[in-house]
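**Q** As input, take model-v1.cif (mmCIF, C-alpha atoms and all ligand atoms):
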```cif
data_run
loop_
_atom_site.label_atom_id
_atom_site.label_comp_id
_atom_site.auth_asym_id
_atom_site.auth_seq_id
_atom_site.Cartn_x
_atom_site.Cartn_y
_atom_site.Cartn_z
CA MET A 205 3.18 22.33 -20.43
CA GLN A 206 1.54 19.84 -22.80
CA ILE A 207 1.60 16.08 -23.15
CA THR A 208 3.34 15.23 -26.43
CA ALA A 209 3.62 11.42 -26.43
CA ILE A 210 2.48 8.30 -24.56
CA ARG A 211 4.75 5.30 -25.06
CA PRO A 212 3.75 1.92 -23.61
CA TYR A 213 6.35 -0.85 -23.36
CA ALA A 214 5.15 -4.36 -22.50
CA VAL A 215 8.39 -6.31 -22.14
CA TRP A 216 9.63 -9.42 -20.39
CA ILE A 217 12.00 -8.50 -17.54
CA GLY A 218 13.10 -11.18 -15.11
CA MET A 219 10.17 -13.49 -14.43
CA ARG A 220 7.28 -11.59 -16.00
CA ASN A 221 6.08 -9.03 -18.48
CA GLN A 222 6.13 -5.48 -17.20
CA LEU A 223 3.84 -2.92 -18.82
CA ILE A 224 5.58 0.40 -18.25
CA VAL A 225 4.44 3.67 -19.79
CA LYS A 226 6.40 6.83 -20.58
CA VAL A 227 4.51 10.12 -20.84
CA GLU A 228 6.46 12.91 -22.54
CA THR A 229 5.86 16.67 -22.49
CA ASP A 230 6.90 19.68 -24.56
CA ALA A 231 8.91 20.94 -21.54
CA GLY A 232 11.34 18.04 -21.90
CA ILE A 233 10.03 16.54 -18.65
CA PHE A 234 8.77 12.97 -18.84
CA GLY A 235 7.20 10.59 -16.36
CA TRP A 236 7.07 6.81 -15.94
CA GLY A 237 4.12 4.70 -14.84
CA GLU A 238 3.37 0.99 -14.59
CA SER A 239 0.22 -0.99 -15.17
CA GLY A 240 -0.66 -4.08 -13.17
CA LEU A 241 -3.11 -6.22 -15.14
CA SER A 242 -0.63 -9.09 -15.39
CA GLY A 243 -1.42 -11.56 -18.15
CA ARG A 244 -3.63 -9.16 -20.15
CA GLU A 245 -1.10 -6.46 -21.04
CA LYS A 246 -2.16 -6.31 -24.70
CA ALA A 247 -5.68 -5.28 -23.69
CA VAL A 248 -4.27 -2.45 -21.55
CA ILE A 249 -2.08 -1.25 -24.42
CA GLY A 250 -5.24 -0.94 -26.51
CA ALA A 251 -6.81 1.24 -23.81
CA LEU A 252 -3.65 3.37 -23.60
CA GLU A 253 -3.81 3.95 -27.36
CA HIS A 254 -7.38 5.22 -26.99
CA TYR A 255 -6.44 7.54 -24.13
CA ALA A 256 -3.44 8.91 -26.07
CA GLU A 257 -5.88 10.15 -28.74
CA PHE A 258 -7.26 12.81 -26.40
CA LEU A 259 -4.44 13.22 -23.85
CA ILE A 260 -1.84 14.50 -26.31
CA GLY A 261 -1.89 18.29 -26.17
CA ARG A 262 -3.39 18.34 -22.67
CA ASP A 263 -1.94 19.88 -19.48
CA PRO A 264 -0.25 17.08 -17.44
CA MET A 265 -0.54 19.10 -14.21
CA ARG A 266 -4.35 18.64 -14.10
CA ILE A 267 -4.09 15.08 -12.81
CA GLY A 268 -7.44 14.90 -11.01
CA ALA A 269 -9.35 16.36 -13.94
CA LEU A 270 -7.65 14.04 -16.42
CA TRP A 271 -8.47 11.05 -14.16
CA GLN A 272 -12.16 11.99 -14.20
CA GLU A 273 -12.11 12.47 -17.95
CA MET A 274 -10.39 9.14 -18.60
CA TYR A 275 -12.76 7.25 -16.29
CA ARG A 276 -15.97 8.97 -17.32
CA SER A 277 -15.46 9.96 -20.95
CA GLN A 278 -17.24 6.93 -22.28
CA TYR A 279 -20.62 5.35 -21.89
CA PHE A 280 -19.12 2.09 -20.56
CA GLU A 281 -17.05 3.50 -17.73
CA GLY A 282 -14.81 1.56 -15.38
CA GLY A 283 -13.48 -1.98 -15.47
CA ARG A 284 -10.10 -3.51 -14.74
CA VAL A 285 -8.56 -2.97 -18.18
CA LEU A 286 -9.36 0.73 -18.23
CA THR A 287 -8.34 1.45 -14.65
CA ALA A 288 -5.08 -0.46 -15.19
CA ALA A 289 -4.37 1.94 -18.08
CA ILE A 290 -5.47 4.96 -16.02
CA SER A 291 -3.22 3.77 -13.17
CA ALA A 292 -0.07 3.82 -15.31
CA LEU A 293 -0.90 7.24 -16.74
CA ASP A 294 -1.82 8.69 -13.32
CA ILE A 295 1.50 7.48 -11.83
CA ALA A 296 3.44 8.94 -14.78
CA LEU A 297 1.62 12.27 -14.39
CA HIS A 298 2.64 12.36 -10.71
CA ASP A 299 6.24 11.70 -11.77
CA ILE A 300 6.01 14.62 -14.22
CA LYS A 301 4.41 16.95 -11.69
CA GLY A 302 6.99 16.14 -9.02
CA LYS A 303 9.82 16.79 -11.46
CA ALA A 304 8.18 20.02 -12.70
CA LEU A 305 7.81 21.33 -9.13
CA GLY A 306 11.13 19.91 -7.94
CA VAL A 307 9.53 17.78 -5.20
CA PRO A 308 9.27 14.06 -4.47
CA VAL A 309 5.86 12.57 -5.23
CA TYR A 310 4.97 12.14 -1.55
CA GLN A 311 4.87 15.95 -1.30
CA LEU A 312 2.00 15.93 -3.82
CA LEU A 313 0.10 13.48 -1.58
CA GLY A 314 0.16 15.52 1.63
CA GLY A 315 3.79 15.08 2.69
CA LYS A 316 5.75 12.38 4.44
CA GLN A 317 4.17 10.69 7.49
CA ARG A 318 7.02 8.21 8.01
CA ASP A 319 10.74 8.24 7.29
CA THR A 320 10.99 4.63 6.13
CA VAL A 321 8.43 2.15 4.80
CA PRO A 322 8.20 -1.20 6.62
CA THR A 323 7.62 -4.26 4.45
CA PHE A 324 6.44 -7.81 4.81
CA ALA A 325 8.32 -10.65 3.13
CA THR A 326 6.92 -13.86 1.68
CA THR A 327 7.93 -17.47 1.70
CA ALA A 328 6.34 -19.47 -1.08
CA ALA A 329 7.62 -22.77 0.32
CA GLU A 330 5.00 -25.49 0.66
CA PRO A 331 3.71 -26.23 4.18
CA GLY A 332 6.50 -28.14 5.92
CA PRO A 333 9.91 -27.67 7.54
CA GLU A 334 11.27 -25.60 4.63
CA MET A 335 8.45 -23.05 5.06
CA ILE A 336 9.40 -22.57 8.71
CA ALA A 337 13.14 -22.49 7.90
CA GLN A 338 12.56 -19.71 5.34
CA ALA A 339 10.43 -17.74 7.80
CA LYS A 340 13.22 -18.00 10.40
CA MET A 341 15.75 -16.80 7.82
CA LEU A 342 13.53 -13.79 7.06
CA MET A 343 13.18 -12.99 10.76
CA GLN A 344 16.96 -13.13 11.14
CA ALA A 345 17.24 -10.73 8.19
CA GLY A 346 15.05 -8.23 10.06
CA TRP A 347 11.47 -8.92 9.01
CA THR A 348 8.82 -8.72 11.73
CA ALA A 349 5.92 -9.47 9.36
CA ILE A 350 5.96 -12.60 7.23
CA ARG A 351 3.48 -13.99 4.76
CA LEU A 352 3.14 -17.65 3.93
CA SER A 353 2.11 -18.20 0.34
CA PRO A 354 2.09 -21.91 -0.48
CA SER A 355 0.71 -22.99 -3.82
CA GLY A 356 -1.34 -25.57 -1.95
CA HIS A 357 0.03 -28.92 -2.97
CA ARG A 358 -0.64 -28.33 -6.62
CA SER A 359 0.40 -31.21 -8.76
CA GLY A 360 0.61 -30.00 -12.34
CA ASP A 361 -2.61 -28.16 -13.06
CA ILE A 362 -4.68 -30.17 -10.54
CA TYR A 363 -5.85 -28.30 -7.45
CA GLU A 364 -8.03 -29.89 -4.78
CA PRO A 365 -8.41 -27.65 -1.71
CA ARG A 366 -9.71 -30.38 0.62
CA GLU A 367 -6.56 -32.43 0.05
CA HIS A 368 -4.32 -29.86 1.74
CA ILE A 369 -6.44 -27.67 4.05
CA ALA A 370 -5.73 -29.77 7.14
CA ALA A 371 -1.98 -30.02 6.49
CA THR A 372 -1.69 -26.31 5.75
CA ALA A 373 -3.52 -25.47 8.99
CA ARG A 374 -1.30 -27.88 10.95
CA TRP A 375 1.91 -26.33 9.54
CA CYS A 376 0.62 -22.81 10.25
CA ALA A 377 0.13 -23.80 13.89
CA GLN A 378 3.61 -25.34 13.90
CA ALA A 379 5.04 -22.13 12.40
CA ARG A 380 3.42 -20.07 15.14
CA ALA A 381 4.81 -22.41 17.81
CA ASP A 382 8.33 -22.31 16.30
CA LEU A 383 8.48 -18.62 15.36
CA GLY A 384 7.03 -17.24 18.57
CA GLU A 385 4.11 -15.05 19.53
CA THR A 386 5.51 -11.71 18.39
CA VAL A 387 6.10 -12.12 14.66
CA VAL A 388 3.19 -11.09 12.43
CA LEU A 389 2.17 -14.14 10.46
CA GLY A 390 -0.19 -14.08 7.51
CA LEU A 391 -1.19 -16.51 4.78
CA ASP A 392 -2.32 -15.87 1.20
CA TYR A 393 -4.85 -18.37 -0.18
CA HIS A 394 -4.94 -16.65 -3.58
CA HIS A 395 -8.76 -16.70 -3.59
CA ARG A 396 -8.81 -20.47 -4.21
CA LEU A 397 -11.35 -21.58 -1.59
CA SER A 398 -15.11 -21.62 -1.20
CA VAL A 399 -16.70 -20.11 1.93
CA ALA A 400 -17.07 -23.56 3.48
CA GLU A 401 -13.48 -24.57 2.65
CA ALA A 402 -12.12 -21.30 4.06
CA ALA A 403 -14.15 -21.79 7.24
CA SER A 404 -12.81 -25.32 7.63
CA PHE A 405 -9.26 -24.07 7.21
CA CYS A 406 -9.67 -21.29 9.79
CA GLN A 407 -11.40 -23.54 12.31
CA LYS A 408 -8.61 -26.13 12.23
CA MET A 409 -6.09 -23.66 13.73
CA PRO A 410 -5.81 -22.48 17.34
CA ARG A 411 -6.98 -18.90 17.82
CA GLY A 412 -4.10 -16.45 17.28
CA THR A 413 -2.24 -18.64 14.79
CA LEU A 414 -2.58 -16.15 11.92
CA ASP A 415 -2.58 -12.35 12.17
CA PHE A 416 -4.14 -12.04 8.74
CA LEU A 417 -5.66 -14.25 6.07
CA GLU A 418 -5.25 -12.92 2.55
CA GLU A 419 -7.83 -13.62 -0.13
CA PRO A 420 -9.39 -16.83 1.16
CA ILE A 421 -12.23 -16.53 -1.41
CA ARG A 422 -12.99 -14.56 -4.59
CA ASP A 423 -14.15 -11.03 -4.03
CA GLU A 424 -17.05 -10.39 -6.41
CA THR A 425 -19.61 -10.85 -3.63
CA PRO A 426 -19.18 -8.86 -0.41
CA GLN A 427 -22.03 -10.88 1.11
CA ALA A 428 -19.96 -14.06 0.77
CA TYR A 429 -17.15 -12.39 2.72
CA GLU A 430 -19.68 -11.36 5.36
CA ALA A 431 -20.77 -15.00 5.60
CA LEU A 432 -17.14 -16.07 6.08
CA ARG A 433 -16.66 -13.26 8.62
CA ARG A 434 -19.32 -14.92 10.78
CA LEU A 435 -17.41 -18.22 10.63
CA THR A 436 -13.93 -16.93 11.65
CA ASP A 437 -12.35 -14.06 13.55
CA ILE A 438 -9.03 -13.97 11.62
CA PRO A 439 -8.47 -10.48 10.13
CA PHE A 440 -8.84 -10.40 6.32
CA ALA A 441 -6.35 -8.78 3.91
CA ILE A 442 -8.06 -8.25 0.55
CA GLY A 443 -8.39 -5.86 -2.38
CA GLU A 444 -5.40 -6.42 -4.68
CA GLU A 445 -7.75 -7.03 -7.60
CA PHE A 446 -10.04 -4.08 -6.90
CA ALA A 447 -10.19 -1.62 -9.75
CA SER A 448 -11.78 1.48 -8.19
CA LYS A 449 -13.03 3.10 -5.00
CA TRP A 450 -16.44 1.70 -5.82
CA GLN A 451 -15.16 -1.85 -5.55
CA PHE A 452 -13.67 -1.08 -2.14
CA MET A 453 -16.84 0.69 -0.99
CA PRO A 454 -18.94 -2.23 0.34
CA PHE A 455 -15.94 -3.88 2.02
CA ILE A 456 -14.92 -0.68 3.82
CA GLU A 457 -18.40 0.45 4.74
CA ARG A 458 -19.48 -2.96 6.07
CA ASP A 459 -16.18 -3.35 8.02
CA ILE A 460 -15.56 -6.72 6.33
CA HIS A 461 -11.76 -6.54 6.10
CA GLN A 462 -8.97 -5.14 8.24
CA PHE A 463 -6.12 -4.68 5.73
CA ASN A 464 -6.36 -3.16 2.23
CA ARG A 465 -4.16 -4.98 -0.29
CA ILE A 466 -4.49 -1.96 -2.57
CA ASP A 467 -2.57 -2.04 -5.87
CA VAL A 468 -1.74 1.45 -7.16
CA CYS A 469 -1.10 0.01 -10.65
CA ASN A 470 -4.61 -1.43 -10.89
CA VAL A 471 -6.90 0.62 -8.66
CA GLY A 472 -6.59 3.85 -10.67
CA GLY A 473 -3.17 5.17 -9.69
CA LEU A 474 -2.16 7.38 -6.79
CA THR A 475 -5.20 9.64 -7.25
CA GLU A 476 -7.64 6.80 -6.55
CA ALA A 477 -5.43 5.12 -3.92
CA MET A 478 -5.30 8.27 -1.77
CA LYS A 479 -9.11 8.52 -1.76
CA ILE A 480 -9.42 4.89 -0.67
CA ALA A 481 -6.77 5.42 2.04
CA GLY A 482 -8.75 8.33 3.46
CA TRP A 483 -11.99 6.38 3.35
CA SER A 484 -10.28 3.42 5.05
CA GLU A 485 -8.82 5.68 7.73
CA ALA A 486 -12.34 6.54 8.83
CA HIS A 487 -12.92 2.81 9.42
CA TYR A 488 -9.48 2.14 11.00
CA VAL A 489 -8.52 -0.12 8.08
CA ASP A 490 -4.77 -0.16 7.33
CA MET A 491 -3.11 -0.12 3.92
CA MET A 492 -1.04 -3.22 3.12
CA PRO A 493 -0.24 -2.55 -0.56
CA HIS A 494 0.13 -5.23 -3.22
CA ASN A 495 3.51 -4.81 -4.93
CA PRO A 496 4.34 -7.74 -7.23
CA LEU A 497 5.46 -5.85 -10.35
CA GLY A 498 8.57 -3.85 -11.24
CA PRO A 499 10.51 -1.00 -9.62
CA ILE A 500 8.13 1.71 -10.93
CA CYS A 501 5.26 0.07 -9.04
CA THR A 502 7.46 -0.17 -5.95
CA ALA A 503 8.54 3.48 -6.21
CA ALA A 504 4.95 4.74 -6.62
CA THR A 505 3.80 2.57 -3.71
CA VAL A 506 6.65 3.76 -1.47
CA HIS A 507 5.50 7.38 -1.98
CA PHE A 508 1.90 6.34 -1.28
CA ALA A 509 2.99 4.43 1.83
CA ALA A 510 5.00 7.42 3.03
CA ALA A 511 2.04 9.76 2.69
CA VAL A 512 -0.82 7.83 4.34
CA ALA A 513 -1.41 7.65 8.08
CA ASN A 514 -3.11 4.25 8.17
CA PHE A 515 -0.42 1.90 7.00
CA SER A 516 0.88 -1.53 8.03
CA TRP A 517 3.40 -3.10 5.62
CA LEU A 518 4.29 -2.89 1.96
CA GLU A 519 4.72 -6.18 0.13
CA THR A 520 8.25 -6.72 -1.12
CA ARG A 521 9.48 -9.35 -3.58
CA ALA A 522 13.08 -8.32 -2.93
CA SER A 523 13.61 -10.47 0.17
CA PRO A 524 16.23 -13.25 0.18
CA ALA A 525 13.40 -15.81 0.06
CA GLU A 526 12.13 -14.54 -3.30
CA ALA A 527 15.21 -13.25 -5.09
CA THR A 528 15.61 -14.81 -8.53
CA PRO A 529 19.10 -16.34 -8.72
CA GLY A 530 21.26 -14.47 -11.20
CA PHE A 531 18.65 -11.83 -12.01
CA ASP A 532 19.28 -8.14 -11.43
CA ASP A 533 17.06 -5.48 -13.01
CA SER A 534 19.34 -2.57 -12.20
CA ALA A 535 20.49 -2.33 -15.83
CA PHE A 536 16.87 -1.60 -16.84
CA PHE A 537 16.18 0.61 -13.81
CA PRO A 538 19.52 2.17 -12.79
CA VAL A 539 17.80 4.24 -10.08
CA GLN A 540 15.10 2.43 -8.09
CA PRO A 541 14.03 1.82 -4.46
CA LYS A 542 16.38 -0.58 -2.67
CA LEU A 543 15.59 -2.29 0.62
CA GLN A 544 17.61 -1.40 3.67
CA GLY A 545 17.01 -4.38 5.89
CA ALA A 546 13.23 -4.87 5.90
CA ARG A 547 12.43 -1.25 5.00
CA TYR A 548 12.41 0.98 1.97
CA PRO A 549 13.92 4.44 2.44
CA VAL A 550 11.62 7.19 1.13
CA PRO A 551 13.32 8.87 -1.86
CA ASP A 552 13.76 12.63 -1.67
CA THR A 553 14.60 13.28 -5.31
CA PRO A 554 11.99 15.02 -7.51
CA GLY A 555 9.27 12.81 -8.96
CA LEU A 556 9.14 9.07 -8.28
CA GLY A 557 12.91 8.73 -7.91
CA ILE A 558 13.20 6.19 -10.70
CA GLU A 559 15.35 6.04 -13.83
CA VAL A 560 14.72 3.75 -16.79
CA ASP A 561 17.16 2.74 -19.55
CA GLU A 562 14.63 3.15 -22.34
CA ASN A 563 16.98 1.83 -25.04
CA LEU A 564 17.54 -1.37 -23.12
CA VAL A 565 13.80 -1.74 -22.47
CA ARG A 566 13.13 -1.29 -26.21
CA GLN A 567 15.40 -4.24 -26.95
CA GLN A 568 13.30 -6.57 -24.79
CA SER A 569 10.33 -8.35 -26.29
CA PHE A 570 6.90 -9.32 -25.00
CA ARG A 571 6.27 -12.98 -24.13
CA PHE A 572 2.80 -14.43 -24.11
CA TRP A 573 2.17 -15.91 -20.70
CA GLU A 574 -0.95 -17.52 -19.28
CA ALA A 575 -1.62 -18.14 -15.61
CA PRO A 576 -2.09 -21.86 -14.93
CA HIS A 577 -5.58 -23.04 -15.85
CA LEU A 578 -6.21 -25.12 -12.73
CA ARG A 579 -8.66 -28.03 -12.65
CA ARG A 580 -10.22 -30.23 -10.02
CA ARG A 581 -9.68 -33.97 -10.26
CA ASP A 582 -13.11 -34.27 -11.90
CA GLY A 583 -11.96 -32.04 -14.76
CA SER A 584 -13.88 -28.89 -13.74
CA ALA A 585 -12.23 -25.47 -13.74
CA THR A 586 -11.08 -23.81 -10.52
CA ASN A 587 -9.27 -20.62 -9.53
CA TRP A 588 -5.59 -19.99 -10.01
MG MG A 601 -2.62 -11.96 -2.79
#
```
Write out the structure in this file as structure tokens.
Ligand SMILES: [Mg+2]
**A**
Amino acid sequence: MQITAIRPYAVWIGMRNQLIVKVETDAGIFGWGESGLSGREKAVIGALEHYAEFLIGRDPMRIGALWQEMYRSQYFEGGRVLTAAISALDIALHDIKGKALGVPVYQLLGGKQRDTVPTFATTAAEPGPEMIAQAKMLMQAGWTAIRLSPSGHRSGDIYEPREHIAATARWCAQARADLGETVVLGLDYHHRLSVAEAASFCQKMPRGTLDFLEEPIRDETPQAYEALRRLTDIPFAIGEEFASKWQFMPFIERDIHQFNRIDVCNVGGLTEAMKIAGWSEAHYVDMMPHNPLGPICTAATVHFAAAVANFSWLETRASPAEATPGFDDSAFFPVQPKLQGARYPVPDTPGLGIEVDENLVRQQSFRFWEAPHLRRRDGSATNW
């Protein structure tokens, strides 16, 4: 079998661009992958065009060897753009291999360790009664793990952490009091704080308020996370931006975080994700995958989640709190993972278990989109 074509589609579906990639073979089998570098899809398409130059004609079954060649075949190896491209191709190659062998992708990853994949759901309501009401609604719908993800009292493009840290901490404590001791409660700070701000936030809550704190600070410096670790005992959930095993390495080996927010569409695909899962298992760190993209990302992550031992919850955007009114992507993806309650069933069909209406996708166009460029009140730049 030989790869005959690589077709990237960066198209607006629902609320965002999705960069999905079709890899075709001379056996008539094709695979789908997705890339996760949201907001810089054009850069990833450039990388995919480079990779197509030497992947066409190659054996798609040699996934590990092709991964090494894509990552290392240049002097300037690595980086988020390249691993986002590798991720999509690696996922598509797993889809092809599963279809060629007549097995679901989880069989290529060591087999199924669980029958269904538990998820966590998110409320993006601002700290206040609505946030707690949405969390209660999610609990009634079956979720036992809930993430709070407020934007943090943003007004326009102004973001001042110190103006909302105290209120956010107070409403987290209120949520814990109202929702009970059992529910798993986390909060995503979207890496918007400094070490001192994050410490202030954590120290304003009673111990046991949060079960995990996601991305309190940016992740370039493991030492900064170690400094924050000394200032709080809340478990950290980080890693959704990491683009290789080497980026995870210091965090795993120094036992800085407790949950891996691994993103199979950015980290280097299923090949790289399985290595990181094994490495994390040795440190008793659980996988809590990032899953904000389209159904191909969800399908690939469901197979990953099924096949790893050390797993907590998969992020889902399909909960009633996040559904986009009037939007249904089933015309684009007629076969895709669908939640049953708070869990994804593990598909048993060959490959990823996903079908794409390529003609419909072709009719969609790309929309330029920029993340908000947030500023402090003094005019200086800060993180989105
Ligand atoms: Mg996050």
**Q** May I ask for the distance between CA of Ala231 (chain A) and CA of Ala304 (chain A), given in Å to one decimal place?
**A** 8.9 Å
**Q** Using only C-alpha atoms and all ligand atoms for the distances, tell me which of A:His395, A:Arg266, A:Lys340, A:His577 is nearest to ligand MG 601 (chain A).
**A**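 Of the candidates, the smallest distance to ligand MG 601 (chain A) is held by A:His395.
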**Q** Which is closest to ligand MG 601 (chain A) among A:Gly282, A:Gly235, A:Gly384, A:Gly443, if we use all atoms listed in the file?
**A**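 Looking only at the distances to ligand MG 601 (chain A), the closest residue turns out to be A:Gly443.
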**Q** Could you pull out the residues sitting within 12 Å of ligand MG 601 (chain A), using all atoms listed in the file, and write them as a PyMOL selection string?
**A** chain A and resi 326+328+351-355+390-396+416-423+440-446+463-467+492-496+519+588
**Q** Using only C-alpha atoms, which residue out of A:Gln378, A:Ser242, A:Ser569, A:Thr475 lies closest to Leu313 (chain A)?
**A**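 Of all the options, A:Thr475 lies closest to Leu313 (chain A).
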**Q** Select, from A:Met478, A:Ala400, A:Ala546, A:Ala296, the residue with the minimum atom-to-atom distance to Ala513 (chain A), counting all atoms listed in the file.
**A** A:Met478
**Q** What is the distance, in Å and to one decimal place, between CA of Cys501 (chain A) and CA of Leu241 (chain A)?
**A** 12.1 Å
**Q** Write out as a list in words which residues come within 12 Å of Ala247 (chain A) when counting all atoms listed in the file, dropping same-chain ones fewer than 6 positions away.
**A**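 With the cut-off at 12 Å, the set is Pro212, Ala214, Leu223, Ser239, Gly240, Leu241, Glu253, His254, Gly283, Arg284, Val285, Leu286, Thr287, Ala288 and Ala289 of chain A.
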**Q** For Glu485 (chain A), which residue out of A:Val215, A:Val512, A:Leu259, A:Val399 is the nearest one, using all atoms listed in the file?
**A**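 Nearest to Glu485 (chain A): A:Val512.
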**Q** Between CA of Gln462 (chain A) and CA of Gln311 (chain A), what is the distance, to one decimal in Å?
**A**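 Computed distance, CA of Gln462 (chain A) to CA of Gln311 (chain A), equals 27.0 Å.
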**Q** Please list as a VMD selection string every residue within 10 Å of Phe405 (chain A), counting all atoms listed in the file and excluding residues in the same chain fewer than 4 positions away.
**A** chain A and resid 365 to 366 368 to 374 397 399 to 401 409 420 436
**Q** Give me, as a ChimeraX atom specification, all polymer residues having an atom no more than 12 Å from Gln544 (chain A), counting only C-alpha atoms and skipping those fewer than 6 positions away in the same chain.
**A** /A:320-323,345-347,520,522-523,550
**Q** Rank A:Cys406, A:Val471, A:Ala431, A:Ile217 by their smallest atom-to-atom distance to Arg566 (chain A), using all atoms listed in the file, and report the top residue only.
**A**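 Using all atoms listed in the file, the shortest distance to Arg566 (chain A) belongs to A:Ile217.
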**Q** Using all atoms listed in the file, what residues lie at most 9 Å away from (-8.6, -16.6, 15.4) (file coordinates), given as an mmCIF file with C-alpha atoms, in the coordinates of the input?
**A**
```
data_model
loop_
_atom_site.group_PDB
_atom_site.id
_atom_site.type_symbol
_atom_site.label_atom_id
_atom_site.label_comp_id
_atom_site.auth_asym_id
_atom_site.auth_seq_id
_atom_site.Cartn_x
_atom_site.Cartn_y
_atom_site.Cartn_z
ATOM 1 C CA CYS A 406 -9.670 -21.290 9.790
ATOM 2 C CA GLN A 407 -11.400 -23.540 12.310
ATOM 3 C CA MET A 409 -6.090 -23.660 13.730
ATOM 4 C CA PRO A 410 -5.810 -22.480 17.340
ATOM 5 C CA ARG A 411 -6.980 -18.900 17.820
ATOM 6 C CA GLY A 412 -4.100 -16.450 17.280
ATOM 7 C CA THR A 413 -2.240 -18.640 14.790
ATOM 8 C CA LEU A 414 -2.580 -16.150 11.920
ATOM 9 C CA ASP A 415 -2.580 -12.350 12.170
ATOM 10 C CA THR A 436 -13.930 -16.930 11.650
ATOM 11 C CA ASP A 437 -12.350 -14.060 13.550
ATOM 12 C CA ILE A 438 -9.030 -13.970 11.620
ATOM 13 C CA PRO A 439 -8.470 -10.480 10.130
#
```
**Q** Could region 563-579 of chain A be completed with N, CA and C atoms and returned as a JSON list (two decimals), in the coordinates of the input?
**A**
```
[["chain", "number", "residue", "atom", "x", "y", "z"],
["A", 563, "ASN", "N", 16.41, 2.58, -23.91],
["A", 563, "ASN", "CA", 16.98, 1.83, -25.04],
["A", 563, "ASN", "C", 17.05, 0.35, -24.75],
["A", 564, "LEU", "N", 17.45, 0.04, -23.51],
["A", 564, "LEU", "CA", 17.54, -1.37, -23.12],
["A", 564, "LEU", "C", 16.15, -2.00, -23.07],
["A", 565, "VAL", "N", 15.18, -1.24, -22.53],
["A", 565, "VAL", "CA", 13.80, -1.74, -22.47],
["A", 565, "VAL", "C", 13.28, -2.03, -23.87],
["A", 566, "ARG", "N", 13.59, -1.13, -24.81],
["A", 566, "ARG", "CA", 13.13, -1.29, -26.21],
["A", 566, "ARG", "C", 13.65, -2.58, -26.84],
["A", 567, "GLN", "N", 14.81, -3.02, -26.36],
["A", 567, "GLN", "CA", 15.40, -4.24, -26.95],
["A", 567, "GLN", "C", 14.74, -5.52, -26.41],
["A", 568, "GLN", "N", 13.97, -5.39, -25.35],
["A", 568, "GLN", "CA", 13.30, -6.57, -24.79],
["A", 568, "GLN", "C", 12.01, -6.82, -25.56],
["A", 569, "SER", "N", 11.58, -8.07, -25.60],
["A", 569, "SER", "CA", 10.33, -8.35, -26.29],
["A", 569, "SER", "C", 9.26, -8.82, -25.30],
["A", 570, "PHE", "N", 8.04, -8.84, -25.78],
["A", 570, "PHE", "CA", 6.90, -9.32, -25.00],
["A", 570, "PHE", "C", 6.82, -10.84, -25.15],
["A", 571, "ARG", "N", 6.48, -11.52, -24.05],
["A", 571, "ARG", "CA", 6.27, -12.98, -24.13],
["A", 571, "ARG", "C", 4.86, -13.29, -23.70],
["A", 572, "PHE", "N", 4.14, -14.03, -24.54],
["A", 572, "PHE", "CA", 2.80, -14.43, -24.11],
["A", 572, "PHE", "C", 2.92, -15.37, -22.93],
["A", 573, "TRP", "N", 2.13, -15.11, -21.92],
["A", 573, "TRP", "CA", 2.17, -15.91, -20.70],
["A", 573, "TRP", "C", 0.74, -16.06, -20.20],
["A", 574, "GLU", "N", 0.37, -17.27, -19.87],
["A", 574, "GLU", "CA", -0.95, -17.52, -19.28],
["A", 574, "GLU", "C", -0.78, -18.04, -17.87],
["A", 575, "ALA", "N", -1.58, -17.54, -16.94],
["A", 575, "ALA", "CA", -1.62, -18.14, -15.61],
["A", 575, "ALA", "C", -2.07, -19.59, -15.76],
["A", 576, "PRO", "N", -1.64, -20.46, -14.83],
["A", 576, "PRO", "CA", -2.09, -21.86, -14.93],
["A", 576, "PRO", "C", -3.62, -21.96, -14.94],
["A", 577, "HIS", "N", -4.13, -22.79, -15.82],
["A", 577, "HIS", "CA", -5.58, -23.04, -15.85],
["A", 577, "HIS", "C", -5.85, -24.27, -14.98],
["A", 578, "LEU", "N", -6.11, -24.02, -13.69],
["A", 578, "LEU", "CA", -6.21, -25.12, -12.73],
["A", 578, "LEU", "C", -7.53, -25.87, -12.86],
["A", 579, "ARG", "N", -7.46, -27.18, -12.58],
["A", 579, "ARG", "CA", -8.66, -28.03, -12.65],
["A", 579, "ARG", "C", -8.76, -28.89, -11.41]]
```
